[in-house]
$ cat protein_19.txt   # compact mmCIF, C-alpha atoms and all ligand atoms
# COMPACT_ATOMS: atom_id res chain seq x y z
CA MET C 2 77.96 126.16 98.19
CA THR C 3 81.72 126.70 98.16
CA LEU C 4 84.10 123.76 98.42
CA ASP C 5 85.08 124.79 101.97
CA GLU C 6 81.43 124.89 103.05
CA ILE C 7 80.79 121.44 101.57
CA ILE C 8 83.86 119.99 103.33
CA ALA C 9 82.84 121.56 106.66
CA LEU C 10 79.31 120.15 106.35
CA ASP C 11 80.63 116.69 105.46
CA LYS C 12 83.06 116.65 108.39
CA LYS C 13 80.29 117.58 110.80
CA TYR C 14 77.50 115.30 109.57
CA TYR C 15 78.89 112.43 107.48
CA MET C 16 80.41 109.34 109.08
CA ASN C 17 84.14 109.38 108.54
CA THR C 18 84.62 106.07 106.74
CA PHE C 19 86.73 107.53 103.92
CA GLY C 20 89.44 109.37 105.85
CA ASP C 21 90.62 112.58 104.29
CA ARG C 22 89.08 112.64 100.85
CA LEU C 23 90.72 114.53 98.03
CA PRO C 24 89.59 118.17 98.41
CA VAL C 25 87.42 118.20 95.29
CA CYS C 26 83.66 118.18 94.69
CA PHE C 27 82.36 117.61 91.18
CA VAL C 28 79.39 119.50 89.84
CA LYS C 29 79.18 118.31 86.23
CA GLY C 30 80.34 115.49 83.97
CA GLN C 31 80.40 114.87 80.26
CA GLY C 32 82.03 111.87 78.58
CA MET C 33 85.57 111.47 79.99
CA LYS C 34 85.45 114.85 81.76
CA LEU C 35 84.35 116.04 85.19
CA TRP C 36 84.14 119.66 86.38
CA ASP C 37 84.60 120.74 90.01
CA THR C 38 83.10 123.57 92.05
CA GLU C 39 86.01 125.81 91.06
CA GLY C 40 85.47 125.23 87.33
CA LYS C 41 88.56 123.05 86.96
CA VAL C 42 88.19 120.18 84.47
CA TYR C 43 89.52 116.65 85.02
CA THR C 44 89.91 113.61 82.76
CA ASP C 45 88.48 110.61 84.57
CA PHE C 46 90.68 107.50 84.66
CA ILE C 47 88.91 105.86 87.61
CA ALA C 48 85.23 106.06 86.51
CA GLY C 49 83.83 105.96 90.03
CA ILE C 50 85.89 102.75 90.55
CA ALA C 51 84.90 100.93 87.36
CA VAL C 52 81.32 102.20 87.42
CA SER C 53 80.88 104.91 84.78
CA ALA C 54 81.50 102.60 81.82
CA LEU C 55 79.81 104.94 79.33
CA GLY C 56 81.52 108.01 80.77
CA HIS C 57 79.51 110.79 82.36
CA SER C 58 76.01 111.89 81.36
CA HIS C 59 75.80 109.52 78.39
CA PRO C 60 72.55 110.43 76.58
CA ALA C 61 71.31 106.79 76.48
CA LEU C 62 71.75 106.47 80.25
CA VAL C 63 70.22 109.87 81.03
CA ASN C 64 67.26 109.23 78.69
CA ALA C 65 66.61 105.82 80.25
CA ILE C 66 66.48 107.37 83.73
CA VAL C 67 64.29 110.29 82.68
CA GLU C 68 61.96 108.16 80.55
CA GLN C 69 61.34 105.65 83.36
CA ALA C 70 61.16 108.26 86.13
CA GLN C 71 58.47 110.12 84.18
CA LYS C 72 56.40 106.93 83.89
CA PHE C 73 56.87 105.54 87.43
CA ILE C 74 59.86 104.65 89.58
CA HIS C 75 58.94 101.74 91.81
CA CYS C 76 56.24 99.12 92.12
CA SER C 77 57.68 96.18 94.19
CA ASN C 78 58.26 92.62 93.13
CA TYR C 79 54.62 91.68 93.79
CA TYR C 80 54.16 92.53 90.11
CA TYR C 81 55.89 91.79 86.83
CA VAL C 82 58.43 94.41 85.70
CA GLU C 83 59.01 94.72 81.95
CA SER C 84 62.53 96.22 82.13
CA GLN C 85 63.55 93.57 84.71
CA ALA C 86 62.57 90.75 82.36
CA LYS C 87 64.20 92.47 79.36
CA LEU C 88 67.46 93.13 81.22
CA ALA C 89 67.60 89.53 82.44
CA GLN C 90 67.08 88.37 78.84
CA LEU C 91 69.85 90.68 77.58
CA ILE C 92 72.33 89.34 80.17
CA VAL C 93 71.38 85.69 79.54
CA GLU C 94 71.57 86.02 75.74
CA ASN C 95 75.06 87.49 76.01
CA SER C 96 76.51 85.24 78.73
CA CYS C 97 76.70 81.66 79.97
CA ALA C 98 73.92 82.26 82.52
CA ASP C 99 70.42 80.83 82.25
CA LYS C 100 68.72 83.06 84.81
CA VAL C 101 69.36 86.27 86.72
CA PHE C 102 68.32 87.92 89.99
CA PHE C 103 68.80 91.64 90.55
CA ALA C 104 70.25 93.16 93.72
CA ASN C 105 71.37 96.71 94.52
CA SER C 106 75.14 96.38 94.84
CA GLY C 107 78.09 94.07 94.33
CA ALA C 108 78.15 92.85 97.92
CA GLU C 109 74.47 92.08 97.76
CA ALA C 110 74.85 90.15 94.50
CA ASN C 111 77.65 88.15 96.15
CA GLU C 112 75.49 87.46 99.20
CA GLY C 113 72.95 86.02 96.78
CA ALA C 114 75.64 83.86 95.16
CA ILE C 115 76.75 82.50 98.55
CA LYS C 116 73.15 81.74 99.54
CA LEU C 117 72.45 80.08 96.20
CA ALA C 118 75.50 77.79 96.44
CA ARG C 119 74.67 76.71 99.99
CA LEU C 120 70.99 76.22 99.22
CA TYR C 121 71.73 74.18 96.11
CA PHE C 122 73.46 71.48 98.15
CA ARG C 123 70.98 71.70 101.04
CA LYS C 124 68.11 71.04 98.64
CA LYS C 125 70.05 68.11 97.19
CA GLY C 126 70.22 66.59 100.68
CA GLN C 127 73.82 67.64 101.35
CA PRO C 128 73.41 70.38 104.00
CA GLU C 129 76.95 69.72 105.24
CA LYS C 130 78.30 71.38 102.08
CA PHE C 131 78.42 75.01 103.17
CA GLU C 132 82.07 76.03 103.16
CA ILE C 133 83.30 78.53 100.57
CA ILE C 134 86.91 78.86 99.49
CA THR C 135 88.05 82.27 98.27
CA LEU C 136 91.45 83.72 97.36
CA GLU C 137 93.82 85.76 99.47
CA LYS C 138 93.81 89.47 98.53
CA SER C 139 90.29 89.11 97.15
CA PHE C 140 87.54 91.65 97.69
CA HIS C 141 83.91 90.59 97.69
CA GLY C 142 82.18 93.36 99.66
CA ARG C 143 81.58 94.79 103.09
CA THR C 144 78.50 92.97 104.36
CA LEU C 145 79.25 90.44 107.07
CA ALA C 146 79.26 87.38 104.79
CA THR C 147 81.14 89.06 101.93
CA LEU C 148 83.67 90.44 104.46
CA ALA C 149 84.29 86.87 105.59
CA ALA C 150 84.73 85.91 101.93
CA THR C 151 87.17 88.79 101.39
CA GLY C 152 90.71 87.45 101.79
CA GLN C 153 92.15 90.57 103.42
CA GLU C 154 92.58 90.76 107.16
CA LYS C 155 92.55 94.56 107.22
CA HIS C 156 88.87 94.58 106.24
CA GLN C 157 87.93 91.79 108.64
CA LYS C 158 89.85 92.44 111.83
CA ASN C 159 87.39 94.74 113.57
CA TYR C 160 84.31 92.66 112.87
CA SER C 161 84.92 89.34 114.55
CA PRO C 162 83.32 86.95 115.00
CA LEU C 163 83.18 86.69 111.22
CA THR C 164 80.52 84.71 109.41
CA PRO C 165 81.96 81.19 109.67
CA LYS C 166 83.03 78.73 106.99
CA PHE C 167 84.95 80.91 104.61
CA ILE C 168 88.61 80.20 104.05
CA SER C 169 91.03 81.78 101.62
CA VAL C 170 94.02 80.33 99.80
CA PRO C 171 96.81 81.99 97.78
CA ILE C 172 96.02 83.11 94.23
CA ASN C 173 97.30 80.97 91.31
CA ASP C 174 98.18 78.05 93.62
CA ILE C 175 96.18 75.01 92.54
CA GLU C 176 97.81 72.74 95.13
CA ALA C 177 96.69 75.00 97.97
CA LEU C 178 93.16 75.01 96.59
CA ASP C 179 93.13 71.25 96.13
CA GLN C 180 94.23 70.74 99.72
CA ALA C 181 91.67 73.18 101.09
CA ILE C 182 88.70 71.41 99.49
CA ASN C 183 86.95 69.00 101.87
CA ASP C 184 83.58 67.29 102.28
CA ASN C 185 82.06 70.54 103.55
CA THR C 186 83.11 72.66 100.57
CA CYS C 187 80.24 73.89 98.42
CA ALA C 188 81.96 76.48 96.22
CA VAL C 189 85.09 78.27 95.13
CA MET C 190 84.52 81.99 94.71
CA LEU C 191 87.06 84.24 93.01
CA GLU C 192 87.63 87.36 90.94
CA PRO C 193 89.22 86.41 87.59
CA ILE C 194 91.18 89.64 87.99
CA GLN C 195 91.42 90.98 91.52
CA GLY C 196 90.68 94.69 91.55
CA GLU C 197 90.75 96.18 95.03
CA SER C 198 94.10 94.64 95.94
CA GLY C 199 95.84 96.31 93.01
CA VAL C 200 94.92 94.53 89.76
CA ASN C 201 96.11 90.93 90.15
CA PRO C 202 95.11 88.69 87.23
CA THR C 203 94.67 84.96 87.76
CA LYS C 204 96.55 82.75 85.28
CA VAL C 205 94.72 81.03 82.45
CA ASP C 206 96.09 77.58 83.35
CA TYR C 207 95.15 78.09 86.97
CA ILE C 208 91.53 78.99 86.18
CA ARG C 209 91.22 76.00 83.87
CA GLN C 210 92.55 73.75 86.62
CA VAL C 211 90.15 75.34 89.11
CA ARG C 212 87.26 74.57 86.77
CA GLU C 213 88.40 70.94 86.43
CA LEU C 214 88.87 70.62 90.18
CA CYS C 215 85.38 71.97 90.85
CA ASN C 216 83.90 69.48 88.37
CA LYS C 217 85.88 66.61 89.86
CA ARG C 218 85.07 67.43 93.49
CA ASN C 219 81.44 68.36 92.77
CA ILE C 220 81.59 71.96 93.95
CA LEU C 221 80.37 75.16 92.33
CA LEU C 222 82.56 77.78 90.72
CA ILE C 223 81.48 81.36 91.39
CA PHE C 224 83.13 84.28 89.60
CA ASP C 225 82.83 87.71 91.16
CA GLU C 226 82.77 89.89 88.06
CA VAL C 227 81.55 92.95 89.94
CA GLN C 228 84.64 94.91 88.91
CA CYS C 229 86.09 92.97 85.97
CA GLY C 230 82.81 92.27 84.16
CA LEU C 231 80.94 94.18 81.45
CA GLY C 232 83.73 95.10 79.07
CA ARG C 233 86.26 96.24 81.64
CA THR C 234 88.87 93.65 80.58
CA GLY C 235 88.28 93.94 76.82
CA LYS C 236 85.66 91.18 76.74
CA LEU C 237 82.09 91.40 77.97
CA PHE C 238 82.88 89.01 80.83
CA GLY C 239 86.21 88.26 82.44
CA TYR C 240 85.65 84.50 82.19
CA GLU C 241 85.84 84.75 78.38
CA HIS C 242 89.63 85.18 78.66
CA TYR C 243 89.99 81.73 80.20
CA GLY C 244 87.91 79.45 78.00
CA VAL C 245 85.89 78.32 81.03
CA GLU C 246 82.43 79.15 82.29
CA PRO C 247 81.52 79.68 85.94
CA ASP C 248 78.36 78.11 87.38
CA ILE C 249 77.43 81.41 88.99
CA PHE C 250 78.73 84.93 88.43
CA THR C 251 77.93 88.32 89.84
CA LEU C 252 77.84 91.80 88.33
CA ALA C 253 77.33 95.34 89.67
CA LYS C 254 79.40 98.52 89.25
CA ALA C 255 79.25 99.17 85.46
CA LEU C 256 75.85 97.52 85.04
CA GLY C 257 73.93 100.69 85.90
CA GLY C 258 76.63 103.03 84.62
CA GLY C 259 76.35 104.82 87.99
CA PHE C 260 72.80 103.83 88.89
CA PRO C 261 72.90 101.25 91.73
CA ILE C 262 72.17 97.71 90.60
CA GLY C 263 73.79 94.30 91.05
CA ALA C 264 73.08 90.98 89.38
CA LEU C 265 73.34 87.36 90.44
CA CYS C 266 73.63 85.25 87.28
CA ALA C 267 73.53 81.46 87.29
CA LYS C 268 73.40 78.48 85.02
CA GLU C 269 70.89 75.69 85.42
CA PRO C 270 70.36 73.63 87.49
CA TYR C 271 71.73 76.10 90.07
CA ALA C 272 69.51 79.01 88.96
CA SER C 273 66.35 77.06 89.75
CA THR C 274 67.47 76.46 93.33
CA PHE C 275 65.80 79.65 94.49
CA GLU C 276 62.09 79.09 94.95
CA PRO C 277 59.46 81.51 96.25
CA GLY C 278 60.53 82.94 99.61
CA ASP C 279 64.17 81.82 99.38
CA HIS C 280 65.56 85.24 98.44
CA GLY C 281 64.31 88.74 97.75
CA SER C 282 64.89 92.48 97.78
CA THR C 283 62.65 95.53 98.03
CA PHE C 284 64.62 97.63 95.58
CA GLY C 285 66.40 94.88 93.65
CA GLY C 286 65.21 94.77 90.05
CA ASN C 287 63.15 97.94 90.29
CA PRO C 288 61.97 99.51 87.02
CA LEU C 289 64.27 102.54 87.21
CA ALA C 290 67.45 100.52 87.85
CA CYS C 291 66.59 97.91 85.23
CA ASN C 292 65.58 100.38 82.51
CA THR C 293 68.84 102.23 83.12
CA ALA C 294 70.98 99.09 83.14
CA TYR C 295 69.27 97.86 79.97
CA ALA C 296 70.36 101.09 78.23
CA VAL C 297 73.90 100.80 79.61
CA LEU C 298 74.41 97.15 78.66
CA SER C 299 72.88 97.76 75.21
CA ALA C 300 75.31 100.63 74.66
CA ILE C 301 78.29 98.55 75.83
CA ILE C 302 77.33 95.87 73.28
CA ASN C 303 76.09 98.02 70.38
CA ASP C 304 78.78 100.71 70.59
CA LYS C 305 81.48 97.99 70.62
CA LEU C 306 82.93 99.21 73.90
CA CYS C 307 84.54 95.85 74.65
CA GLU C 308 86.58 96.26 71.48
CA ASN C 309 87.52 99.81 72.47
CA SER C 310 88.43 98.56 75.94
CA ALA C 311 90.74 95.90 74.47
CA ALA C 312 92.40 98.28 71.99
CA MET C 313 92.77 101.22 74.38
CA GLY C 314 93.89 98.92 77.18
CA GLN C 315 96.67 97.62 74.99
CA TYR C 316 97.64 101.16 73.99
CA LEU C 317 97.67 102.29 77.64
CA MET C 318 99.81 99.31 78.71
CA GLU C 319 102.27 99.96 75.85
CA LYS C 320 102.60 103.61 76.86
CA LEU C 321 103.02 102.73 80.54
CA ASN C 322 105.63 100.12 79.67
CA GLY C 323 107.42 102.91 77.77
CA LEU C 324 107.50 104.89 81.02
CA LYS C 325 108.77 101.78 82.82
CA GLU C 326 111.83 101.75 80.56
CA LYS C 327 112.51 105.35 81.50
CA TYR C 328 111.74 105.21 85.22
CA PRO C 329 113.22 102.19 87.01
CA PHE C 330 111.04 102.73 90.08
CA ILE C 331 108.11 101.38 88.01
CA VAL C 332 108.43 97.67 88.73
CA GLU C 333 105.40 96.31 86.90
CA VAL C 334 102.54 97.30 84.62
CA ARG C 335 99.77 94.69 84.65
CA GLY C 336 96.13 94.10 83.85
CA LYS C 337 93.72 93.30 81.07
CA GLY C 338 91.80 95.74 78.88
CA LEU C 339 91.05 98.88 80.84
CA MET C 340 91.77 97.36 84.25
CA VAL C 341 95.37 98.40 84.69
CA GLY C 342 97.76 98.61 87.65
CA MET C 343 101.21 100.17 87.82
CA GLU C 344 103.39 99.10 90.74
CA PHE C 345 106.32 101.12 92.09
CA SER C 346 109.33 100.17 94.18
CA ILE C 347 108.82 103.41 96.12
CA PRO C 348 105.89 104.22 98.46
CA LYS C 349 104.69 107.15 96.39
CA ALA C 350 101.30 106.06 95.03
CA ASN C 351 99.28 108.54 97.08
CA ASP C 352 101.63 111.33 96.21
CA ILE C 353 101.39 110.46 92.51
CA LYS C 354 97.59 110.29 92.73
CA LYS C 355 97.50 113.79 94.26
CA GLN C 356 99.86 115.16 91.64
CA CYS C 357 97.69 113.61 88.90
CA LEU C 358 94.70 115.38 90.42
CA LYS C 359 96.60 118.65 90.31
CA ALA C 360 97.41 117.98 86.65
CA GLY C 361 93.71 117.27 85.95
CA TYR C 362 93.68 113.44 85.93
CA LEU C 363 91.74 111.14 88.24
CA VAL C 364 93.45 107.83 89.07
CA GLY C 365 93.29 105.53 92.10
CA ALA C 366 95.96 104.44 94.57
CA VAL C 367 96.07 100.97 96.16
CA GLY C 368 98.22 100.80 99.27
CA ASP C 369 101.27 102.99 99.04
CA ASN C 370 102.86 101.62 95.87
CA ILE C 371 100.22 100.83 93.24
CA ILE C 372 98.30 103.17 90.94
CA ARG C 373 95.11 101.75 89.46
CA MET C 374 93.45 102.94 86.25
CA LEU C 375 89.84 102.03 85.39
CA PRO C 376 88.74 104.66 82.85
CA PRO C 377 85.34 104.75 81.17
CA LEU C 378 85.24 102.28 78.26
CA ILE C 379 84.91 105.22 75.85
CA VAL C 380 88.47 106.44 76.57
CA SER C 381 90.48 107.57 73.50
CA LYS C 382 94.16 107.59 72.54
CA GLU C 383 94.24 111.36 73.12
CA ASP C 384 93.00 110.89 76.69
CA ILE C 385 95.66 108.24 77.28
CA ASP C 386 98.41 110.39 75.75
CA GLY C 387 97.38 113.20 78.10
CA LEU C 388 97.60 110.98 81.18
CA VAL C 389 100.92 109.46 80.12
CA ASN C 390 102.39 112.94 79.56
CA ALA C 391 101.20 113.95 83.02
CA TYR C 392 102.83 110.82 84.51
CA ASP C 393 106.05 111.61 82.63
CA GLN C 394 106.24 115.06 84.18
CA ILE C 395 105.33 113.81 87.66
CA PHE C 396 107.81 110.91 87.48
CA SER C 397 110.63 113.14 86.23
CA ARG C 398 110.24 115.23 89.39
CA LEU C 399 110.38 112.07 91.54
CA GLN C 400 113.77 110.95 90.25
C1 LIG I 501 85.25 92.38 92.95
C2 LIG I 501 84.30 93.14 93.84
N1 LIG I 501 83.30 92.48 94.42
C3 LIG I 501 82.42 93.11 95.21
C4 LIG I 501 82.53 94.46 95.46
C5 LIG I 501 81.53 95.14 96.35
O1 LIG I 501 80.67 95.90 95.56
P1 LIG I 501 79.75 97.02 96.25
O2 LIG I 501 80.67 98.08 96.74
O3 LIG I 501 78.85 97.48 95.13
O4 LIG I 501 79.00 96.35 97.34
C6 LIG I 501 83.56 95.19 94.87
C7 LIG I 501 83.73 96.61 95.15
O5 LIG I 501 84.76 97.21 94.95
C8 LIG I 501 84.47 94.51 94.03
O6 LIG I 501 85.49 95.15 93.45
$ encode --input "protein_19.txt" --output "structure tokens"
Amino acid sequence: MTLDEIIALDKKYYMNTFGDRLPVCFVKGQGMKLWDTEGKVYTDFIAGIAVSALGHSHPALVNAIVEQAQKFIHCSNYYYVESQAKLAQLIVENSCADKVFFANSGAEANEGAIKLARLYFRKKGQPEKFEIITLEKSFHGRTLATLAATGQEKHQKNYSPLTPKFISVPINDIEALDQAINDNTCAVMLEPIQGESGVNPTKVDYIRQVRELCNKRNILLIFDEVQCGLGRTGKLFGYEHYGVEPDIFTLAKALGGGFPIGALCAKEPYASTFEPGDHGSTFGGNPLACNTAYAVLSAIINDKLCENSAAMGQYLMEKLNGLKEKYPFIVEVRGKGLMVGMEFSIPKANDIKKQCLKAGYLVGAVGDNIIRMLPPLIVSKEDIDGLVNAYDQIFSRLQ
């Protein structure tokens, strides 16, 4: 099909939740590169929004899918699943969690985390502890409960009444959090580095104080690592930057390298809260998803992609800060590892994103003044130099 035919078909039959998409349809990917229907090649600095951690068509990921698909794809959770048990073991042995449950997406993993926190206190005889405190500008998903957890009115406003008993407080404000905690609070849920609102890192001191506060007030600390987990920030998990451990954390996005899977990970005694019948999923933890995610996580660990993420992230930030010296409309470059945001004083982010596309680079725009970069963890200095040169040319035309 031609690009025009694909666009016409989409406009007629697909629900319009994404507005006017960029007029591109990819037909092939390899490593950092994607090819479109017209044969044009792009360097991918968004990775399907932090998903394609190994880049495109990584042989380990492709082999894991093919190998499992040739054996069998699905069998239900009535039976034991080898790759499910092995993937859970791999996550536990490399994290602070004691047990894992697999879902199909980030929102679903977060739903599981919310249920687990509430159920933990209910089973302890404290059913009044059900309230969850989240942060303003957070993003936790688009299901009804995770929407309520998301501290952004624009996502919530059309879906009232929202699932009750979620409140959000400003980021990095320990006083506000302290005051919001009450006898009904069961958990604080936050992203160590907020992604969807434009790469906003929490401060180390703040997170340490949050941990202490949760211990003191007997409430659970949940980290949503759906976007910042799995090497994205230069460490396998975002919490490693803070010297604290959450009681519960969630993963998705990069876990399957593009194959849908989410994970709810918890320490004991919280992990043992779920008993038969308390939670479940038809597709969650299926052999195909787990075999694929096992290959992806193994590659992230064995190929030292966290180290590459840290080194390349630093290189990218240095280069972008170089551009900041030259172009005063860049007000801030921020992030950790390969989760990087560049904020402008001018409302040109969408324009810049489109010009990057024209120059063969895929980046994301948040609102009208932030560009977000989340490249595959395999990105090289040459890829970064290419993007920075493209920015330089685009920015020089903006002045
Ligand atoms: C931090 C965070 N949590 C949850 C989600 C929701 O994940 P999903 O779209 O897989 O449901 C996202 C998606 O962007 C996210 O960034």
$ residues_around --input "protein_19.txt" --residues "range 368-377 of chain C" --least-positions-apart "6" --cutoff "7 Å" --atoms "only C-alpha atoms" --output "CSV table (one decimal) with C-alpha atoms, in the coordinates of the input"
chain,number,residue,atom,x,y,z
C,33,MET,CA,85.6,111.5,80.0
C,45,ASP,CA,88.5,110.6,84.6
C,46,PHE,CA,90.7,107.5,84.7
C,47,ILE,CA,88.9,105.9,87.6
C,48,ALA,CA,85.2,106.1,86.5
C,50,ILE,CA,85.9,102.8,90.6
C,51,ALA,CA,84.9,100.9,87.4
C,53,SER,CA,80.9,104.9,84.8
C,54,ALA,CA,81.5,102.6,81.8
C,55,LEU,CA,79.8,104.9,79.3
C,56,GLY,CA,81.5,108.0,80.8
C,199,GLY,CA,95.8,96.3,93.0
C,339,LEU,CA,91.0,98.9,80.8
C,340,MET,CA,91.8,97.4,84.2
C,341,VAL,CA,95.4,98.4,84.7
C,342,GLY,CA,97.8,98.6,87.6
C,343,MET,CA,101.2,100.2,87.8
C,344,GLU,CA,103.4,99.1,90.7
C,345,PHE,CA,106.3,101.1,92.1
C,346,SER,CA,109.3,100.2,94.2
C,347,ILE,CA,108.8,103.4,96.1
C,348,PRO,CA,105.9,104.2,98.5
C,349,LYS,CA,104.7,107.2,96.4
C,350,ALA,CA,101.3,106.1,95.0
C,351,ASN,CA,99.3,108.5,97.1
$ residues_around --input "protein_19.txt" --residues "Asn287 in chain C" --least-positions-apart "2" --cutoff "8 Å" --atoms "all atoms listed in the file" --output "PyMOL selection string"
chain C and resi 74-78+82+85+284-285+289-291
$ residues_around --input "protein_19.txt" --residues "Ala188 in chain C" --least-positions-apart "4" --cutoff "6 Å" --atoms "all atoms listed in the file" --output "ChimeraX atom specification"
/C:133,220-222
$ atom_distance --input "protein_19.txt" --atom1 "CA of Phe238 in chain C" --atom2 "CA of Ala264 in chain C"
13.2 Å
$ residues_near_ligand --input "protein_19.txt" --ligand "ligand LIG 501 (chain I)" --cutoff "10 Å" --atoms "all atoms listed in the file" --output "PyMOL selection string"
chain C and resi 50-52+104-112+139-144+147-148+151+191-198+224-230+251-255+261-263
$ residues_around --input "protein_19.txt" --residues "range 267-281 of chain C" --least-positions-apart "5" --cutoff "10 Å" --atoms "all atoms listed in the file" --output "PyMOL selection string"
chain C and resi 78+93+96-104+113-114+116-125+221+223+246-251+286
$ residues_around --input "protein_19.txt" --residues "Lys355 in chain C" --least-positions-apart "5" --cutoff "12 Å" --atoms "all atoms listed in the file" --output "JSON, numbers by chain"
{"C": [22, 23, 24, 25, 349, 350, 360, 361, 362, 363, 364, 365, 366, 372, 391, 392, 395]}
$ atom_distance --input "protein_19.txt" --atom1 "CA of Ala89 in chain C" --atom2 "CA of Val200 in chain C"
28.7 Å
$ closest_residue --input "protein_19.txt" --among "C:Asp304, C:Asp393, C:Asp384, C:Asp37" --to "Lys327 in chain C" --atoms "all atoms listed in the file"
C:Asp393
$ atom_distance --input "protein_19.txt" --atom1 "CA of Gly32 in chain C" --atom2 "CA of His59 in chain C"
6.7 Å
$ closest_residue --input "protein_19.txt" --among "C:Tyr160, C:Phe73, C:Tyr295, C:Tyr316" --to "Leu91 in chain C" --atoms "all atoms listed in the file"
C:Tyr295
$ closest_residue --input "protein_19.txt" --among "C:Thr44, C:Lys12, C:Val205, C:Tyr80" --to "Cys357 in chain C" --atoms "only C-alpha atoms"
C:Thr44
$ closest_residue --input "protein_19.txt" --among "C:Ala150, C:Val189, C:Cys307, C:Leu388" --to "Glu241 in chain C" --atoms "all atoms listed in the file"
C:Cys307
$ closest_residue --input "protein_19.txt" --among "C:Phe330, C:Leu324, C:Phe260, C:Thr234" --to "Ile66 in chain C" --atoms "only C-alpha atoms"
C:Phe260
$ residues_near_point --input "protein_19.txt" --point "(78.1, 115.4, 90.7)" --cutoff "12 Å" --atoms "only C-alpha atoms" --output "PyMOL selection string"
chain C and resi 25-31+34-38+49+57-58+259
